[in-house]
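Visitor: Hey, dropping target-v6.txt in here, compact mmCIF, C-alpha atoms:
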# COMPACT_ATOMS: atom_id res chain seq x y z
CA ARG A 1 -2.03 18.24 -15.65
CA VAL A 2 0.07 15.55 -14.02
CA LYS A 3 -0.82 14.71 -10.44
CA GLN A 4 1.70 16.16 -8.00
CA ARG A 5 0.96 14.25 -4.78
CA CYS A 6 -0.56 10.88 -4.00
CA GLN A 7 -2.30 9.50 -0.97
CA ILE A 8 -0.82 6.17 0.11
CA TYR A 9 -2.90 3.96 2.42
CA ILE A 10 -0.88 1.86 4.88
CA SER A 11 -2.38 -1.50 5.78
CA SER A 12 -0.89 -3.71 8.49
CA THR A 13 -1.53 -5.12 11.90
CA TYR A 14 -0.98 -2.30 14.34
CA SER A 15 0.42 -3.02 17.79
CA ASP A 16 3.21 -5.33 16.58
CA LEU A 17 4.26 -3.06 13.69
CA ILE A 18 4.09 0.45 15.23
CA GLU A 19 7.76 1.25 14.50
CA GLU A 20 7.54 -0.24 11.01
CA ARG A 21 4.45 1.85 10.24
CA GLN A 22 6.27 4.98 11.45
CA ALA A 23 9.23 4.15 9.17
CA VAL A 24 6.87 3.72 6.21
CA ILE A 25 5.07 6.99 7.05
CA ARG A 26 8.47 8.78 7.07
CA ALA A 27 9.40 7.17 3.73
CA ILE A 28 6.11 8.36 2.20
CA LEU A 29 6.55 11.88 3.59
CA ASN A 30 10.19 11.99 2.41
CA LEU A 31 8.90 11.37 -1.12
CA GLY A 32 6.50 14.32 -0.76
CA GLN A 33 3.40 12.11 -0.65
CA PHE A 34 0.54 11.79 1.85
CA PRO A 35 0.33 8.76 4.14
CA MET A 36 -3.07 7.50 5.30
CA GLY A 37 -3.98 4.81 7.79
CA THR A 38 -6.27 4.06 10.68
CA GLU A 39 -4.09 6.07 13.07
CA PHE A 40 -5.18 9.21 11.17
CA PHE A 41 -8.92 8.59 11.62
CA ASN A 42 -10.98 10.99 13.72
CA ALA A 43 -14.02 10.14 15.83
CA SER A 44 -16.88 9.36 13.49
CA ASN A 45 -20.38 7.98 13.24
CA SER A 46 -19.12 5.59 10.56
CA THR A 47 -18.01 2.02 11.21
CA THR A 48 -14.30 1.29 11.16
CA PHE A 49 -14.53 -0.47 7.80
CA GLU A 50 -16.59 2.36 6.29
CA MET A 51 -13.75 4.72 7.22
CA ILE A 52 -11.16 2.25 5.89
CA SER A 53 -12.96 1.74 2.57
CA LYS A 54 -13.42 5.51 2.12
CA SER A 55 -9.70 6.07 2.76
CA ILE A 56 -8.67 3.28 0.38
CA ASN A 57 -11.00 4.67 -2.32
CA GLU A 58 -9.35 8.09 -1.94
CA SER A 59 -5.85 6.59 -2.13
CA ASP A 60 -3.68 6.06 -5.18
CA CYS A 61 -2.23 2.84 -3.80
CA VAL A 62 -2.07 0.66 -0.71
CA ILE A 63 1.11 -0.43 1.02
CA LEU A 64 0.47 -3.78 2.68
CA ILE A 65 2.94 -4.70 5.43
CA ILE A 66 2.77 -8.26 6.70
CA GLY A 67 4.63 -9.22 9.86
CA GLU A 68 4.25 -12.13 12.23
CA LYS A 69 0.62 -11.66 13.26
CA TYR A 70 -2.64 -12.14 11.35
CA GLY A 71 -4.45 -9.35 13.15
CA SER A 72 -7.86 -8.50 14.55
CA ILE A 73 -10.78 -10.27 12.93
CA TYR A 74 -13.30 -8.25 10.95
CA ASP A 75 -16.48 -10.03 12.04
CA VAL A 76 -18.46 -9.21 8.90
CA GLU A 77 -16.09 -11.25 6.70
CA GLY A 78 -14.48 -13.55 9.27
CA ILE A 79 -10.98 -12.53 8.18
CA SER A 80 -8.49 -10.01 9.55
CA PHE A 81 -8.98 -6.31 8.89
CA VAL A 82 -5.67 -6.41 6.98
CA GLU A 83 -6.89 -9.16 4.64
CA ALA A 84 -10.24 -7.35 4.25
CA GLU A 85 -8.36 -4.14 3.32
CA TYR A 86 -6.31 -6.10 0.77
CA ASN A 87 -9.45 -7.69 -0.71
CA TYR A 88 -11.22 -4.32 -0.83
CA ALA A 89 -8.31 -2.62 -2.62
CA LEU A 90 -8.06 -5.43 -5.19
CA SER A 91 -11.81 -5.48 -5.83
CA ASN A 92 -11.69 -1.71 -6.46
CA ASN A 93 -8.62 -1.81 -8.71
CA ILE A 94 -6.44 0.09 -6.25
CA PRO A 95 -2.80 -0.98 -6.71
CA VAL A 96 -1.32 -2.83 -3.72
CA LEU A 97 2.42 -2.92 -2.97
CA VAL A 98 3.05 -5.97 -0.76
CA PHE A 99 5.88 -6.20 1.80
CA VAL A 100 6.14 -9.47 3.74
CA LYS A 101 8.49 -9.97 6.67
CA ASN A 102 10.93 -12.80 6.09
CA ILE A 103 10.17 -15.12 9.01
CA SER A 104 10.59 -18.78 9.87
CA LYS A 105 7.70 -20.69 8.30
CA GLN A 106 7.22 -23.02 11.30
CA ASP A 107 5.10 -21.52 14.12
CA ILE A 108 3.04 -19.31 11.76
CA PRO A 109 -0.67 -19.25 12.67
CA ILE A 110 -2.70 -21.10 10.02
CA ASN A 111 -4.73 -18.03 8.98
CA LEU A 112 -1.53 -15.98 8.49
CA LYS A 113 0.08 -18.87 6.61
CA LYS A 114 -2.87 -19.06 4.18
CA PHE A 115 -2.89 -15.29 3.68
CA ARG A 116 0.87 -15.23 3.05
CA GLU A 117 0.52 -18.07 0.52
CA ARG A 118 -2.19 -16.10 -1.25
CA LEU A 119 0.03 -13.00 -1.32
CA PHE A 120 2.96 -14.95 -2.76
CA SER A 121 0.90 -15.60 -5.89
CA HIS A 122 1.61 -11.89 -6.64
CA ILE A 123 4.79 -9.86 -6.59
CA VAL A 124 5.95 -9.58 -2.99
CA ILE A 125 8.95 -7.81 -1.51
CA LEU A 126 10.53 -9.56 1.47
CA TRP A 127 12.06 -7.57 4.33
CA ASN A 128 14.03 -8.51 7.44
CA ASP A 129 14.17 -5.33 9.56
CA ILE A 130 12.83 -1.78 9.72
CA GLY A 131 15.73 -0.25 7.80
CA GLU A 132 15.31 -2.71 4.96
CA LEU A 133 11.52 -2.17 4.95
CA ARG A 134 11.97 1.62 4.70
CA ILE A 135 14.41 1.25 1.78
CA GLU A 136 12.23 -1.27 -0.06
CA VAL A 137 9.09 0.84 0.41
CA SER A 138 10.94 3.93 -0.87
CA LYS A 139 12.20 2.08 -3.95
CA ALA A 140 8.80 0.58 -4.73
CA LEU A 141 7.03 3.92 -4.24
CA VAL A 142 9.47 5.75 -6.50
CA LYS A 143 8.79 3.17 -9.23
CA PHE A 144 5.03 3.37 -8.61
CA LEU A 145 5.07 7.18 -8.79
CA LEU A 146 7.15 7.18 -11.98
CA ASP A 147 4.81 4.63 -13.59
CA LEU A 148 1.80 6.69 -12.49
CA GLN A 149 3.33 9.82 -13.97
CA GLN A 150 4.08 8.03 -17.27
CA ASN A 151 0.49 6.74 -17.46
CA GLU A 152 -0.89 10.23 -16.81
CA LEU A 153 1.38 11.69 -19.49
CA LYS A 154 0.10 9.10 -21.97
CA GLU A 155 -3.53 9.77 -21.01
CA ASN A 156 -2.96 13.49 -21.62
CA ASN A 157 -1.26 12.75 -24.97
CA ILE A 158 2.08 14.14 -23.85
CA HIS A 159 4.73 12.10 -25.64
CA ILE A 160 8.29 12.14 -24.42
CA GLY A 161 10.74 10.76 -26.96
CA ASN A 162 14.32 9.61 -26.53
CA GLY A 163 15.34 12.90 -24.99
CA SER A 164 15.79 14.76 -28.26
CA HIS A 165 12.29 16.21 -28.39
CA VAL A 166 9.00 16.56 -26.56
CA ARG A 167 5.72 16.57 -28.47
CA ILE A 168 2.41 17.62 -26.95
CA SER A 169 -0.75 16.74 -28.85
CA ASN A 170 -4.51 16.98 -28.27
CA VAL A 171 -4.22 18.58 -24.86
CA SER A 172 -7.44 20.36 -23.97
How does the structure come out when it is put into structure tokens?

Guide:
Amino acid sequence: RVKQRCQIYISSTYSDLIEERQAVIRAILNLGQFPMGTEFFNASNSTTFEMISKSINESDCVILIIGEKYGSIYDVEGISFVEAEYNYALSNNIPVLVFVKNISKQDIPINLKKFRERLFSHIVILWNDIGELRIEVSKALVKFLLDLQQNELKENNIHIGNGSHVRISNVS
């Protein structure tokens, strides 16, 4: 059976990207998927990063939104929570879709500059404003969901040809 809905974890700094996060949440909901992020956490006995790592583990992918701030430092690793979330997702083979705000490269804090440089070694989508971010997230998520569906079809031995036939084999 092909998965119907995915959980998408949203990683970003918070106070400077509230409206951008809301736009991404709406884009995810408009595609019939489930958004997840720290704003959805309830009171818990767990540490913040325990809750984050549990949510990332339960997610099908992470949307990483980078703006103009590096973010709060996660003392355990000495890096921002956002960078720690990114590292955690990568180390657990959770796909990460990266969206970096197109900003002037002068005046960028050194820790953000290094993180951005690291991100640019992968595929990154640049955005200029909230509307563009929402569109780019929607396009990337549609592609991700289609790829995920194709992979699940292959894993279940459902072969879709050139449109002239459908063959199902070895489905238990």

Visitor: Could you tell me how far atom CA of A:Leu64 lies from atom CA of A:Tyr14, in Å and to one decimal?

Guide: 11.8 Å

Visitor: Using all atoms listed in the file, can you tell me which of A:Gln7, A:Ala23, A:Asp60, A:Asn102 comes closest to A:Ser138?

Guide: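 Nearest candidate to A:Ser138 out of A:Gln7, A:Ala23, A:Asp60, A:Asn102: A:Ala23.
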
Visitor: Looking at A:Ile108, A:Ile18, A:Val124, A:Leu133, which one is nearest to A:Glu68, with distances taken over all atoms listed in the file?

Guide: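 Of A:Ile108, A:Ile18, A:Val124, A:Leu133, the one nearest A:Glu68 is A:Ile108, counting all atoms listed in the file.
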
Visitor: Using the file's own x, y and z axes, what box holds all listed atoms of stretch 113-129 of chain A with 4 Å on each side, keeping edges along x, y and z, and what are its centre and edge lengths in Å to one decimal, as JSON?

Guide:
{"center_x": 5.6, "center_y": -12.2, "center_z": 1.5, "size_x": 25.1, "size_y": 21.7, "size_z": 24.2}

Visitor: Name the residues, using the chain letters and numbers of the file, that sit within 12 Å of (8.5, 8.9, -5.4) when counting all atoms listed in the file, and give them as a short mmCIF file (atom, residue, chain, number, x, y, z; two decimals) with C-alpha atoms, keeping the file's coordinate frame.

Guide:
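Result saved to selection.cif:
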data_model
loop_
_atom_site.label_atom_id
_atom_site.label_comp_id
_atom_site.auth_asym_id
_atom_site.auth_seq_id
_atom_site.Cartn_x
_atom_site.Cartn_y
_atom_site.Cartn_z
CA GLN A 4 1.70 16.16 -8.00
CA ARG A 5 0.96 14.25 -4.78
CA CYS A 6 -0.56 10.88 -4.00
CA GLN A 7 -2.30 9.50 -0.97
CA ILE A 8 -0.82 6.17 0.11
CA ALA A 27 9.40 7.17 3.73
CA ILE A 28 6.11 8.36 2.20
CA LEU A 29 6.55 11.88 3.59
CA ASN A 30 10.19 11.99 2.41
CA LEU A 31 8.90 11.37 -1.12
CA GLY A 32 6.50 14.32 -0.76
CA GLN A 33 3.40 12.11 -0.65
CA PHE A 34 0.54 11.79 1.85
CA VAL A 137 9.09 0.84 0.41
CA SER A 138 10.94 3.93 -0.87
CA LYS A 139 12.20 2.08 -3.95
CA ALA A 140 8.80 0.58 -4.73
CA LEU A 141 7.03 3.92 -4.24
CA VAL A 142 9.47 5.75 -6.50
CA LYS A 143 8.79 3.17 -9.23
CA PHE A 144 5.03 3.37 -8.61
CA LEU A 145 5.07 7.18 -8.79
CA LEU A 146 7.15 7.18 -11.98
CA ASP A 147 4.81 4.63 -13.59
CA LEU A 148 1.80 6.69 -12.49
CA GLN A 149 3.33 9.82 -13.97
#

Visitor: From the options A:Trp127, A:Phe99, A:Phe40, A:Phe115, which residue's atoms come nearest to A:Gly71, counting only C-alpha atoms?

Guide: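 Of the candidates, the smallest distance to A:Gly71 is held by A:Phe115.
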
Visitor: Pick from A:Glu39, A:Thr48, A:Lys69, A:Gln106: nearest to A:Thr13, with all atoms listed in the file counted?

Guide: A:Lys69

Visitor: Can you work out which one of A:Phe81, A:Val98, A:Val24, A:Asn93 has the shortest atom-to-atom distance to A:Gly131, counting all atoms listed in the file?

Guide: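 Going through A:Phe81, A:Val98, A:Val24, A:Asn93 one by one, the smallest distance to A:Gly131 is for A:Val24.
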
Visitor: To one decimal place in Å, what is the distance between atom CA of A:Ser12 and atom CA of A:Asn45?

Guide: 23.2 Å

Visitor: As an exercise, work out the distance from atom CA of A:Asn57 to atom CA of A:Ile123 in Å and give it to one decimal place.

Guide: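 Separation between atom CA of A:Asn57 and atom CA of A:Ile123: 21.9 Å.
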
Visitor: Can you tell me which residues surround A:Val96 at a distance of at most 7 Å, considering only C-alpha atoms, apart from same-chain residues fewer than 3 positions away, and format the answer as number ranges by chain?

Guide: A: 61-64

Visitor: Identify, on the basis of all atoms listed in the file, every residue whose closest approach to A:Leu112 does not exceed 12 Å; exclude the query and any residue fewer than 6 positions from it along the same chain; express the result as a ChimeraX atom specification.

Guide: /A:13,66-73,79-80,82-83,100-101,103,105-106,118-119
